[in-house]
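Below: one structure, written as structure tokens.
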Amino acid sequence: MSVLFAILFYLATAILVLGLAARTRKYLNTPAPLKIPTTPAPTTRSGVAFRMLKELTIFESLFKSNKWIWLFGWLFHMGMLLVLLRHLRYFTEPVWWWVELIQPFGKYASLMMLAGLGGLLLRRIVVDRVRYISAPSDYLMLLLIIAIGATGALMTFVTNADIVTLKDYLLGLMVFDIRTMPTDPILVVHLSLVILLMAIFPISKLLHAPGIFFSPTRNQVDNPRERRHVAAWAIKLESSESK
Amino acid sequence: MAKVEFATPELKEYPIIPKLQRDAMAHSSPYVAKDKFQEPLGYPGELVENWKEVAIAKMGELTNKYRSLQVFLDSCVKCGACTDKCHYYLGTTDPKNMPVARQDLFRKVYRRYYTLAGKLVPKLVGAEDLTEEVLDDWYTYFHQCSQCRRCSVYCPYGIDTAEISMAAREVMDTVGKGQKYCNEIIGKAQTLGNNLGLPEPALIDTLEGLEEDVEEETGVAVKFPLDVKGADILLITPSADFFAEPHIDGLIGYAKVFHEAGASWTLSSYASEAANFGMFIGSYENMRKLALRIRQAALDLGVKRIVFGECGHAWRVAYSFLNTLAGPFDFLDPNYPVPQHICEYTHDLIQKNALTFDKTENDHMTLTYHDSCNVARASRMGDVPGGQFTIPRDIIKATCNNFYDMPEHAIKEGTYCCGGGGGLLTDDLIELRVKGALPRMEALKHVTENNGVTHMAAICAICKSQFSKVFPYYDFTMDQIVSVHQLVSNAIVLTQADEGDSDEDKQSDDAEAA
Ligand code: HEM
Ligand code: SF4
Ligand code: SF4
Ligand code: SF4
């Protein structure tokens, strides 16, 4: 068991890291030949950084768009962020001070995350327009994350897993030393689902996480008249003509 | 052409999100281009035998050339935030007109051939083979998108369905299934210099006629110069400005402004078109060919500045792409942006108090303003973001006493398309155009009833043509759409008059603005 999960963990991490790296490289290497920021857009780099920051922290466009999706989506993402940060304590010894600091909030963040996810799932089922655009994978993805959150919350609030042994196991994995994994069934389910999520991350719509940073409508500076912007393949068009 | 029977949608007091009705617009698709319109643009004359392979390969090529396309195809989480943002969905209730569903027509094929999950478990992730039905759906629904970008404002990742529509049209052109309206026009503009195919003599005639009309009406010899070598300013304007109503009144307005400014300006017969339909079909090469004509005209005439007339998508191509496609413009006067919008030009003069207006000339109208989407969401005017909203409004307020904005959700960055943009301004799509205008009509009705608005001003040739066509379906009249520079034309006091016999006495009490 300990060995099997160790292998799976390494595999899933490799898929996640390499997959995301490959995808990010693809985005980086694909040119954006035309200036297409959705205007009004910032006219400076720092303005764009601020625009992106607002998208990432308060989901600005989503807020303009739909208050319900915004509410549920924001609860879920912020909850997830806190939960993930809280998980750092399993991987650090001694635990960083700021991770200690958020423990008390982090504990309830799983509930915030689940509430958000529940709301999103409900919308997907109830609103005819969202139902129409949903593929099976869209429901399954939500269910998968709900299951991860629910098993996690269960261990936090109800059963209390053997955290000491778990931490020892995870710290071991980080230095390639396979120690004993606790076999609490809820924990095993929780970990299996996390491994699954990591593995499908780079081939699913979870690519929106890196994608947002590369979205030309959001990350371009509005200065086409001041600075000429030409892609490499377009320059080739020009030089092939001038012969 | 057989007349399509359809019911004009009812205007509601408040906008509501309609329940979806599958295939409500499945019957609407434009005429396919024949070989004589396809081949000059470098596309096959009819559907090629191995179209599937060609289409799939083209899709791969485009995702390697356009980061937007690649990122947008990957990133959508199907959150549904965009589903109620498209005027065509609101007006037709066809679910495939929801932006995300429109993207999915393309995305499902991309997933099938270019993603691991789509290759392994297509059903699970909504991936689908490219079949004839899918191609037909593409043709139908990618010609129900006006590329207005409203959806991109509201998507958390800025996914712009217009980019997908352009890519899909490019793929369809490449396999030989192009749209007649766009491709015929692009051919004309590439050979004759304008979308209408007006030859130079006709242009000369029209401009001479205008000079006579204006002189008769105002007593002032306002010129409409063509191909004047050594002029300072080259005016590039949509060819509809040469004859359509209310476009032509806008052209008269530009000429009067130039006259008052004492500017030396000219039109070009070689580049007698601002519109660039190459953008609508997503073809960088065709768009570039058209843009290069403008560069050539500027070089040949030896001008110092380029100014664009009122046109929505043309301003997008001009402002956002011209420097990219046909730059650098280092041979022009560096003291002015290249290109400039006629509204920027007029606004500058107003700021300097160089123009005199008699606003009462427009007192028979109460105005509102339609933000053309391509100006609002894909370009800018002036130095600060949002100048594209304030500058035209400032001009209207400087020339009219009565102005009211439509409700906030329907203007500025949230503006609704007129329903005829993006290469859809053709009679074979009239049902779509009428239905797509619904959200704008509701907003207009709101200010008509609450503020007594009588006229709507716009700065887009397509918008103007579209509104004059669809207004009657909603119990408005054709002449309720006006050009912004038509208002300028009405109110401007021509101080540079040298020959007398003016029938308008107020021309004598003006300040001398030089
Ligand atoms: C600005 C950034 C982001 C925005 C606006 C955003 C927005 C959204 C939205 C609206 C959903 C809704 C899904 C639904 O309705 O079912 C979603 C799902 C999700 N997001 Fe994000 N997201 C962002 C960044 C991230 C990041 C950085 C992660 C990183 C790990 C992430 C992970 C997820 C996951 C796991 C789901 C749920 C799965 C699903 O429904 O497919 N998101 N996101
Ligand atoms: S708003 Fe954006 S992410 Fe959400 S469904 Fe529409 S296109 Fe997809
Ligand atoms: S670009 Fe405009 S017309 Fe096209 S899907 Fe988006 S909102 Fe609709
Ligand atoms: S025609 Fe006018 S309103 Fe319609 S897409 Fe173009 S700019 Fe927008």
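Here, A, B, ... name the chains of the structure tokens in the order displayed, residue numbers run from 1 inside each chain, and ligands are numbered from 1 in the same displayed order.
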Selection near region 444-448 of chain B, 9 Å with only C-alpha atoms, sequence-local residues under 6 positions removed, as an MDAnalysis selection string: chainID B and resid 11 13:14 368 404:407 454:456
Expected answer as a PyMOL selection string: residues within 10 Å of ligand 3, only C-alpha atoms and all ligand atoms: chain B and resi 82-90+96-103+141-154+159-166+373+416-417+419-422+436
Backbone DSSP call of helix (DSSP H, G or I) for region 111-290 of chain B, listed as a ChimeraX atom specification: /B:111-114,116-120,122-125,132-141,150-154,161-175,180-192,200-218,239-242,247-261,284-290
Polymer residues at most 12 Å from Leu69 (chain B), only C-alpha atoms, same-chain spacing of 4 or more positions, as a ChimeraX atom specification: /A:27,30-34,36,211,214-217 /B:59-65,73-76,103,106-107,110,158-168,282
Taking C-alpha atoms for each residue, export the selection above as an mmCIF file, in the first residue's frame.
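After the write, out_20.cif holds the following:
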data_model
loop_
_atom_site.group_PDB
_atom_site.id
_atom_site.type_symbol
_atom_site.label_atom_id
_atom_site.label_comp_id
_atom_site.auth_asym_id
_atom_site.auth_seq_id
_atom_site.Cartn_x
_atom_site.Cartn_y
_atom_site.Cartn_z
ATOM 1 C CA TYR A 27 1.044 28.889 -25.050
ATOM 2 C CA THR A 30 2.233 30.342 -30.009
ATOM 3 C CA PRO A 31 2.324 33.946 -31.226
ATOM 4 C CA ALA A 32 -0.501 36.424 -30.774
ATOM 5 C CA PRO A 33 -0.247 38.103 -34.191
ATOM 6 C CA LEU A 34 -2.792 40.852 -33.614
ATOM 7 C CA ILE A 36 -6.937 42.091 -29.420
ATOM 8 C CA GLY A 211 -4.823 29.758 -19.513
ATOM 9 C CA PHE A 214 -2.101 33.837 -21.519
ATOM 10 C CA SER A 215 -5.453 35.221 -22.585
ATOM 11 C CA PRO A 216 -4.645 37.975 -25.134
ATOM 12 C CA THR A 217 -7.908 39.790 -24.506
ATOM 13 C CA MET B 59 -7.487 23.758 -37.455
ATOM 14 C CA GLY B 60 -4.113 22.566 -36.223
ATOM 15 C CA GLU B 61 -2.321 25.208 -38.250
ATOM 16 C CA LEU B 62 -4.477 27.961 -36.786
ATOM 17 C CA THR B 63 -3.987 26.836 -33.183
ATOM 18 C CA ASN B 64 -0.265 27.115 -33.831
ATOM 19 C CA LYS B 65 -0.580 30.577 -35.339
ATOM 20 C CA LEU B 73 -10.219 26.314 -26.908
ATOM 21 C CA ASP B 74 -8.499 24.894 -23.820
ATOM 22 C CA SER B 75 -9.704 27.210 -21.099
ATOM 23 C CA CYS B 76 -13.486 27.294 -21.111
ATOM 24 C CA GLN B 103 -17.531 27.878 -29.485
ATOM 25 C CA PHE B 106 -15.632 24.152 -33.041
ATOM 26 C CA ARG B 107 -14.198 22.993 -29.736
ATOM 27 C CA TYR B 110 -10.710 20.307 -31.763
ATOM 28 C CA GLY B 158 -11.826 36.822 -21.682
ATOM 29 C CA ILE B 159 -12.707 34.081 -24.151
ATOM 30 C CA ASP B 160 -13.702 35.904 -27.320
ATOM 31 C CA THR B 161 -16.116 33.956 -29.490
ATOM 32 C CA ALA B 162 -15.294 36.304 -32.352
ATOM 33 C CA GLU B 163 -11.835 34.733 -32.535
ATOM 34 C CA ILE B 164 -13.392 31.289 -32.840
ATOM 35 C CA SER B 165 -15.868 32.465 -35.479
ATOM 36 C CA MET B 166 -13.065 33.985 -37.503
ATOM 37 C CA ALA B 167 -11.038 30.788 -37.284
ATOM 38 C CA ALA B 168 -14.037 28.673 -38.245
ATOM 39 C CA GLY B 282 -10.443 35.596 -40.230
#
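The closest residue to Trp70 (chain A), picked from A:Tyr132, A:Ala6, A:Gly119, A:Glu93 and counting only C-alpha atoms, is A:Gly119.
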Within 6 Å of chain A, which residues of chain B come that close, and what is the closest atom pair and distance in Å for each? Count only C-alpha atoms and give it as a tab-separated table.
residue	atom	partner	partner_atom	distance
B:Asn64	CA	A:Thr30	CA	5.6
B:Tyr66	CA	A:Ala32	CA	5.4
B:Arg67	CA	A:Thr30	CA	5.1
B:Ser68	CA	A:Pro216	CA	6.0
B:Val71	CA	A:Gly211	CA	5.7
B:Ser75	CA	A:His208	CA	4.1
B:Val77	CA	A:Lys205	CA	5.6
B:Gly80	CA	A:Val130	CA	5.3
B:Ala81	CA	A:Asn66	CA	5.9
B:Leu124	CA	A:Pro136	CA	5.3
B:Val125	CA	A:Ser137	CA	5.2
B:Gly126	CA	A:Ala135	CA	5.3
B:Tyr154	CA	A:Ser65	CA	5.0
B:Pro156	CA	A:Leu62	CA	5.0
B:Tyr157	CA	A:Ile212	CA	5.3
B:Gly158	CA	A:Thr217	CA	5.7
B:Ser320	CA	A:Pro224	CA	5.4
B:Asn323	CA	A:Arg228	CA	5.7
B:Thr324	CA	A:His229	CA	5.4
B:Arg377	CA	A:Thr39	CA	4.5
B:Ala378	CA	A:Thr39	CA	5.5
B:Pro385	CA	A:Pro40	CA	5.0
B:Gly386	CA	A:Pro40	CA	5.2
With C-alpha atoms retained, export the selected residues as a PDB file, in the first residue's frame.
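Saved result, selection.pdb, follows:
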ATOM      1  CA  ASN B  64      -0.265  27.115 -33.831  1.00  0.00           C
ATOM      2  CA  TYR B  66      -3.019  32.183 -32.914  1.00  0.00           C
ATOM      3  CA  ARG B  67      -2.459  32.020 -29.185  1.00  0.00           C
ATOM      4  CA  SER B  68      -5.965  33.358 -28.647  1.00  0.00           C
ATOM      5  CA  VAL B  71      -5.916  29.281 -25.127  1.00  0.00           C
ATOM      6  CA  SER B  75      -9.704  27.210 -21.099  1.00  0.00           C
ATOM      7  CA  VAL B  77     -14.896  25.795 -17.876  1.00  0.00           C
ATOM      8  CA  GLY B  80     -22.300  29.552 -18.262  1.00  0.00           C
ATOM      9  CA  ALA B  81     -21.560  33.205 -17.513  1.00  0.00           C
ATOM     10  CA  LEU B 124     -17.263  11.799 -21.823  1.00  0.00           C
ATOM     11  CA  VAL B 125     -15.740  15.155 -22.706  1.00  0.00           C
ATOM     12  CA  GLY B 126     -18.168  16.179 -25.438  1.00  0.00           C
ATOM     13  CA  TYR B 154     -18.157  38.864 -19.449  1.00  0.00           C
ATOM     14  CA  PRO B 156     -13.810  35.193 -16.612  1.00  0.00           C
ATOM     15  CA  TYR B 157     -10.964  34.318 -18.996  1.00  0.00           C
ATOM     16  CA  GLY B 158     -11.826  36.822 -21.682  1.00  0.00           C
ATOM     17  CA  SER B 320      -5.622  47.915 -33.687  1.00  0.00           C
ATOM     18  CA  ASN B 323       0.266  49.412 -37.894  1.00  0.00           C
ATOM     19  CA  THR B 324       0.739  45.641 -37.653  1.00  0.00           C
ATOM     20  CA  ARG B 377     -14.677  46.798 -27.231  1.00  0.00           C
ATOM     21  CA  ALA B 378     -11.904  46.503 -29.780  1.00  0.00           C
ATOM     22  CA  PRO B 385      -8.967  54.101 -22.017  1.00  0.00           C
ATOM     23  CA  GLY B 386     -12.652  54.757 -22.561  1.00  0.00           C
TER      24      GLY B 386
END
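Between CA of Ala153 (chain A) and CA of Gly106 (chain A) lies a distance of 10.9 Å.
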For Met155 (chain A), which residue out of A:Lys107, A:Lys236, A:Ile7, A:Lys167 is the nearest one, using only C-alpha atoms? A:Lys107
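Shell of Ala161 (chain A) at 10 Å, with only C-alpha atoms counted and residues fewer than 3 places along the chain excluded, is Gly152, Leu154, Met155, Thr156, Val158, Val164, Thr165, Leu166, Pro182, Thr183, Asp184, Pro185, Ile186 and Leu187 of chain A.
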Just write the chosen residues, C-alpha atoms, as a short mmCIF file (atom, residue, chain, number, x, y, z; two decimals), in the first residue's frame.
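Once everything was written out, this is again_13.cif:
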data_model
loop_
_atom_site.label_atom_id
_atom_site.label_comp_id
_atom_site.auth_asym_id
_atom_site.auth_seq_id
_atom_site.Cartn_x
_atom_site.Cartn_y
_atom_site.Cartn_z
CA GLY A 152 -11.29 15.98 3.67
CA LEU A 154 -15.01 14.42 7.17
CA MET A 155 -11.51 13.78 8.47
CA THR A 156 -11.23 17.29 9.87
CA VAL A 158 -15.62 13.84 12.26
CA VAL A 164 1.21 12.27 12.55
CA THR A 165 1.85 9.08 10.57
CA LEU A 166 0.57 10.76 7.38
CA PRO A 182 -1.92 5.28 7.39
CA THR A 183 -4.71 3.06 6.02
CA ASP A 184 -7.75 4.85 7.31
CA PRO A 185 -10.28 4.14 4.47
CA ILE A 186 -11.50 7.72 4.20
CA LEU A 187 -7.96 8.92 3.88
#
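In this structure, CA of Pro337 (chain B) sits 14.2 Å away from CA of Gly387 (chain B).
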Write out as a VMD selection string all residues of region 197-373 of chain B that backbone DSSP assigns to strand (DSSP E). chain B and resid 233 to 236 265 to 266 305 to 308 340 to 341 367 to 369
Hey, can you spit out that residue selection with N, CA, C and O atoms as a PDB file, in the first residue's frame?
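Result file out.pdb:
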ATOM      1  N   ILE B 233      -3.879  65.539 -45.374  1.00  0.00           N
ATOM      2  CA  ILE B 233      -4.646  64.468 -44.748  1.00  0.00           C
ATOM      3  C   ILE B 233      -5.284  63.564 -45.795  1.00  0.00           C
ATOM      4  O   ILE B 233      -5.942  64.042 -46.721  1.00  0.00           O
ATOM      5  N   LEU B 234      -5.094  62.265 -45.622  1.00  0.00           N
ATOM      6  CA  LEU B 234      -5.816  61.298 -46.451  1.00  0.00           C
ATOM      7  C   LEU B 234      -7.003  60.803 -45.645  1.00  0.00           C
ATOM      8  O   LEU B 234      -6.839  60.271 -44.549  1.00  0.00           O
ATOM      9  N   LEU B 235      -8.204  60.997 -46.180  1.00  0.00           N
ATOM     10  CA  LEU B 235      -9.402  60.492 -45.499  1.00  0.00           C
ATOM     11  C   LEU B 235      -9.779  59.147 -46.096  1.00  0.00           C
ATOM     12  O   LEU B 235      -9.994  59.023 -47.298  1.00  0.00           O
ATOM     13  N   ILE B 236      -9.859  58.151 -45.212  1.00  0.00           N
ATOM     14  CA  ILE B 236     -10.295  56.824 -45.632  1.00  0.00           C
ATOM     15  C   ILE B 236     -11.653  56.598 -44.996  1.00  0.00           C
ATOM     16  O   ILE B 236     -11.776  56.629 -43.767  1.00  0.00           O
ATOM     17  N   TRP B 265      -6.936  68.324 -47.492  1.00  0.00           N
ATOM     18  CA  TRP B 265      -7.251  66.898 -47.352  1.00  0.00           C
ATOM     19  C   TRP B 265      -7.657  66.301 -48.681  1.00  0.00           C
ATOM     20  O   TRP B 265      -7.943  67.031 -49.638  1.00  0.00           O
ATOM     21  N   THR B 266      -7.695  64.979 -48.733  1.00  0.00           N
ATOM     22  CA  THR B 266      -8.111  64.321 -49.959  1.00  0.00           C
ATOM     23  C   THR B 266      -8.628  62.920 -49.688  1.00  0.00           C
ATOM     24  O   THR B 266      -8.285  62.299 -48.687  1.00  0.00           O
ATOM     25  N   ARG B 305      -0.868  62.661 -42.893  1.00  0.00           N
ATOM     26  CA  ARG B 305      -1.704  62.034 -41.857  1.00  0.00           C
ATOM     27  C   ARG B 305      -2.758  61.176 -42.527  1.00  0.00           C
ATOM     28  O   ARG B 305      -3.158  61.420 -43.661  1.00  0.00           O
ATOM     29  N   ILE B 306      -3.265  60.181 -41.759  1.00  0.00           N
ATOM     30  CA  ILE B 306      -4.385  59.384 -42.234  1.00  0.00           C
ATOM     31  C   ILE B 306      -5.523  59.511 -41.224  1.00  0.00           C
ATOM     32  O   ILE B 306      -5.318  59.326 -40.027  1.00  0.00           O
ATOM     33  N   VAL B 307      -6.706  59.859 -41.713  1.00  0.00           N
ATOM     34  CA  VAL B 307      -7.876  59.972 -40.840  1.00  0.00           C
ATOM     35  C   VAL B 307      -8.954  59.029 -41.370  1.00  0.00           C
ATOM     36  O   VAL B 307      -9.161  58.930 -42.579  1.00  0.00           O
ATOM     37  N   PHE B 308      -9.605  58.306 -40.460  1.00  0.00           N
ATOM     38  CA  PHE B 308     -10.665  57.377 -40.844  1.00  0.00           C
ATOM     39  C   PHE B 308     -12.042  57.957 -40.562  1.00  0.00           C
ATOM     40  O   PHE B 308     -12.267  58.567 -39.524  1.00  0.00           O
ATOM     41  N   GLN B 340      -5.865  58.319 -37.320  1.00  0.00           N
ATOM     42  CA  GLN B 340      -6.745  59.038 -36.405  1.00  0.00           C
ATOM     43  C   GLN B 340      -8.177  58.814 -36.817  1.00  0.00           C
ATOM     44  O   GLN B 340      -8.471  58.584 -37.990  1.00  0.00           O
ATOM     45  N   HIS B 341      -9.083  58.889 -35.843  1.00  0.00           N
ATOM     46  CA  HIS B 341     -10.506  58.774 -36.142  1.00  0.00           C
ATOM     47  C   HIS B 341     -11.051  60.178 -36.400  1.00  0.00           C
ATOM     48  O   HIS B 341     -10.600  61.135 -35.781  1.00  0.00           O
ATOM     49  N   LEU B 367     -31.568  63.055 -28.879  1.00  0.00           N
ATOM     50  CA  LEU B 367     -30.674  61.992 -29.327  1.00  0.00           C
ATOM     51  C   LEU B 367     -30.269  61.008 -28.267  1.00  0.00           C
ATOM     52  O   LEU B 367     -30.246  61.312 -27.071  1.00  0.00           O
ATOM     53  N   THR B 368     -29.933  59.822 -28.742  1.00  0.00           N
ATOM     54  CA  THR B 368     -29.211  58.875 -27.928  1.00  0.00           C
ATOM     55  C   THR B 368     -28.071  58.368 -28.794  1.00  0.00           C
ATOM     56  O   THR B 368     -28.010  58.693 -29.976  1.00  0.00           O
ATOM     57  N   TYR B 369     -27.164  57.599 -28.194  1.00  0.00           N
ATOM     58  CA  TYR B 369     -25.983  57.184 -28.954  1.00  0.00           C
ATOM     59  C   TYR B 369     -25.776  55.679 -28.860  1.00  0.00           C
ATOM     60  O   TYR B 369     -25.793  55.100 -27.769  1.00  0.00           O
TER      61      TYR B 369
END
Lys464 (chain B) surroundings by only C-alpha atoms, 12 Å radius, close-in-sequence under 4 positions cut, as a CSV table (one decimal) with C-alpha atoms, in the first residue's frame:
chain,number,residue,atom,x,y,z
B,238,PRO,CA,-16.5,53.4,-45.8
B,240,ALA,CA,-21.3,53.6,-48.1
B,241,ASP,CA,-20.6,57.2,-47.1
B,244,ALA,CA,-26.2,55.7,-48.5
B,245,GLU,CA,-28.5,57.4,-46.1
B,246,PRO,CA,-27.7,58.6,-43.4
B,247,HIS,CA,-24.0,57.9,-44.1
B,248,ILE,CA,-23.7,60.6,-46.7
B,249,ASP,CA,-24.7,63.3,-44.3
B,250,GLY,CA,-21.8,62.2,-42.2
B,310,GLU,CA,-17.2,56.6,-39.3
B,311,CYS,CA,-17.1,52.8,-39.4
B,312,GLY,CA,-17.0,50.3,-36.6
B,369,TYR,CA,-26.0,57.2,-29.0
B,370,HIS,CA,-25.3,53.6,-30.1
B,371,ASP,CA,-21.8,52.5,-29.2
B,372,SER,CA,-20.6,50.5,-32.1
B,417,CYS,CA,-24.5,44.9,-31.5
B,418,CYS,CA,-26.9,46.3,-34.1
B,419,GLY,CA,-27.4,42.8,-35.3
B,420,GLY,CA,-25.8,43.2,-38.7
B,421,GLY,CA,-22.1,43.3,-38.1
B,425,LEU,CA,-25.4,42.6,-43.5
B,455,HIS,CA,-33.1,59.7,-33.0
B,456,MET,CA,-30.1,57.5,-32.4
B,457,ALA,CA,-26.7,58.5,-33.6
B,458,ALA,CA,-24.0,56.0,-34.6
B,459,ILE,CA,-20.5,56.0,-36.0
B,460,CYS,CA,-20.5,52.7,-38.0
B,468,SER,CA,-32.4,51.8,-41.3
B,469,LYS,CA,-33.4,48.4,-42.5
B,470,VAL,CA,-34.6,46.9,-39.3
B,471,PHE,CA,-36.2,49.9,-37.6
B,478,MET,CA,-35.7,54.5,-41.2
B,479,ASP,CA,-34.7,58.1,-40.6
B,480,GLN,CA,-34.4,57.8,-36.9
B,481,ILE,CA,-30.8,56.7,-37.3
B,482,VAL,CA,-28.3,59.5,-37.9
B,483,SER,CA,-24.6,59.9,-38.3
B,484,VAL,CA,-22.6,61.6,-35.6
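Considering the residues A:Ile145, A:Leu82, A:Phe91, A:Arg179 and counting only C-alpha atoms, Leu196 (chain A) has its shortest atom-to-atom contact with A:Ile145.
Atom pair atom 1 (S, counted along the ligand's line) of ligand 2 / CA of Leu121 (chain A) has a distance of 15.9 Å (rounded to one decimal).
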Give me the residues near Met78 (chain A) as a list in words, where near means some atom within 12 Å (using only C-alpha atoms) and where sequence neighbours in that chain fewer than 3 positions away do not count. Leu56, Thr57, Ile58, Phe59, Trp70, Leu71, Phe72, Gly73, Trp74, Leu75, Leu81, Leu82, Val83, Leu84, Leu85, Phe105, Gly106, Tyr108, Ala109, Ser110, Leu111, Met112, Met113, Leu114, Ala115, Gly116 and Leu117 of chain A
Residues from last step as file, N, CA and C atoms, as a short mmCIF file (atom, residue, chain, number, x, y, z; two decimals), in the first residue's frame:
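Wrote it out as again30.cif, contents follow:
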data_model
loop_
_atom_site.label_atom_id
_atom_site.label_comp_id
_atom_site.auth_asym_id
_atom_site.auth_seq_id
_atom_site.Cartn_x
_atom_site.Cartn_y
_atom_site.Cartn_z
N LEU A 56 -7.76 37.73 -11.07
CA LEU A 56 -7.36 36.58 -10.27
C LEU A 56 -7.91 36.62 -8.85
N THR A 57 -8.01 37.81 -8.27
CA THR A 57 -8.42 37.86 -6.87
C THR A 57 -9.92 38.06 -6.68
N ILE A 58 -10.50 38.97 -7.45
CA ILE A 58 -11.94 39.19 -7.24
C ILE A 58 -12.78 38.73 -8.42
N PHE A 59 -12.18 38.07 -9.40
CA PHE A 59 -12.91 37.58 -10.57
C PHE A 59 -13.76 38.70 -11.16
N TRP A 70 -20.50 34.09 -9.79
CA TRP A 70 -19.39 34.76 -9.12
C TRP A 70 -19.33 34.33 -7.65
N LEU A 71 -20.46 34.38 -6.99
CA LEU A 71 -20.48 34.05 -5.56
C LEU A 71 -20.00 32.62 -5.33
N PHE A 72 -20.61 31.68 -6.04
CA PHE A 72 -20.24 30.27 -5.84
C PHE A 72 -18.80 30.01 -6.27
N GLY A 73 -18.44 30.57 -7.41
CA GLY A 73 -17.09 30.34 -7.92
C GLY A 73 -16.04 30.93 -6.99
N TRP A 74 -16.35 32.10 -6.46
CA TRP A 74 -15.37 32.76 -5.60
C TRP A 74 -15.25 32.02 -4.27
N LEU A 75 -16.38 31.63 -3.71
CA LEU A 75 -16.35 30.85 -2.46
C LEU A 75 -15.51 29.59 -2.64
N LEU A 81 -8.17 27.68 -2.10
CA LEU A 81 -6.84 28.27 -1.89
C LEU A 81 -6.42 28.11 -0.43
N LEU A 82 -7.34 28.44 0.47
CA LEU A 82 -7.03 28.32 1.90
C LEU A 82 -6.74 26.87 2.26
N VAL A 83 -7.56 25.97 1.74
CA VAL A 83 -7.37 24.55 2.04
C VAL A 83 -6.00 24.08 1.56
N LEU A 84 -5.66 24.48 0.34
CA LEU A 84 -4.37 24.06 -0.20
C LEU A 84 -3.21 24.60 0.65
N LEU A 85 -3.33 25.87 1.03
CA LEU A 85 -2.27 26.46 1.85
C LEU A 85 -2.16 25.73 3.18
N PHE A 105 -8.65 29.50 10.23
CA PHE A 105 -9.61 29.80 9.14
C PHE A 105 -9.66 28.65 8.15
N GLY A 106 -8.49 28.12 7.91
CA GLY A 106 -8.36 27.07 6.93
C GLY A 106 -9.28 25.91 7.24
N TYR A 108 -12.23 25.92 8.35
CA TYR A 108 -13.60 26.09 7.87
C TYR A 108 -13.67 26.36 6.36
N ALA A 109 -12.50 26.56 5.78
CA ALA A 109 -12.47 26.86 4.36
C ALA A 109 -13.03 25.71 3.54
N SER A 110 -12.87 24.48 4.04
CA SER A 110 -13.40 23.35 3.28
C SER A 110 -14.92 23.46 3.15
N LEU A 111 -15.54 24.02 4.17
CA LEU A 111 -17.00 24.16 4.11
C LEU A 111 -17.39 25.23 3.09
N MET A 112 -16.58 26.30 3.08
CA MET A 112 -16.80 27.38 2.11
C MET A 112 -16.67 26.81 0.69
N MET A 113 -15.64 26.01 0.51
CA MET A 113 -15.38 25.41 -0.79
C MET A 113 -16.54 24.49 -1.20
N LEU A 114 -17.00 23.70 -0.26
CA LEU A 114 -18.10 22.78 -0.58
C LEU A 114 -19.39 23.53 -0.88
N ALA A 115 -19.62 24.61 -0.14
CA ALA A 115 -20.82 25.40 -0.41
C ALA A 115 -20.77 25.93 -1.83
N GLY A 116 -19.62 26.46 -2.21
CA GLY A 116 -19.46 27.00 -3.56
C GLY A 116 -19.68 25.92 -4.61
N LEU A 117 -19.06 24.78 -4.39
CA LEU A 117 -19.18 23.68 -5.35
C LEU A 117 -20.62 23.21 -5.47
#
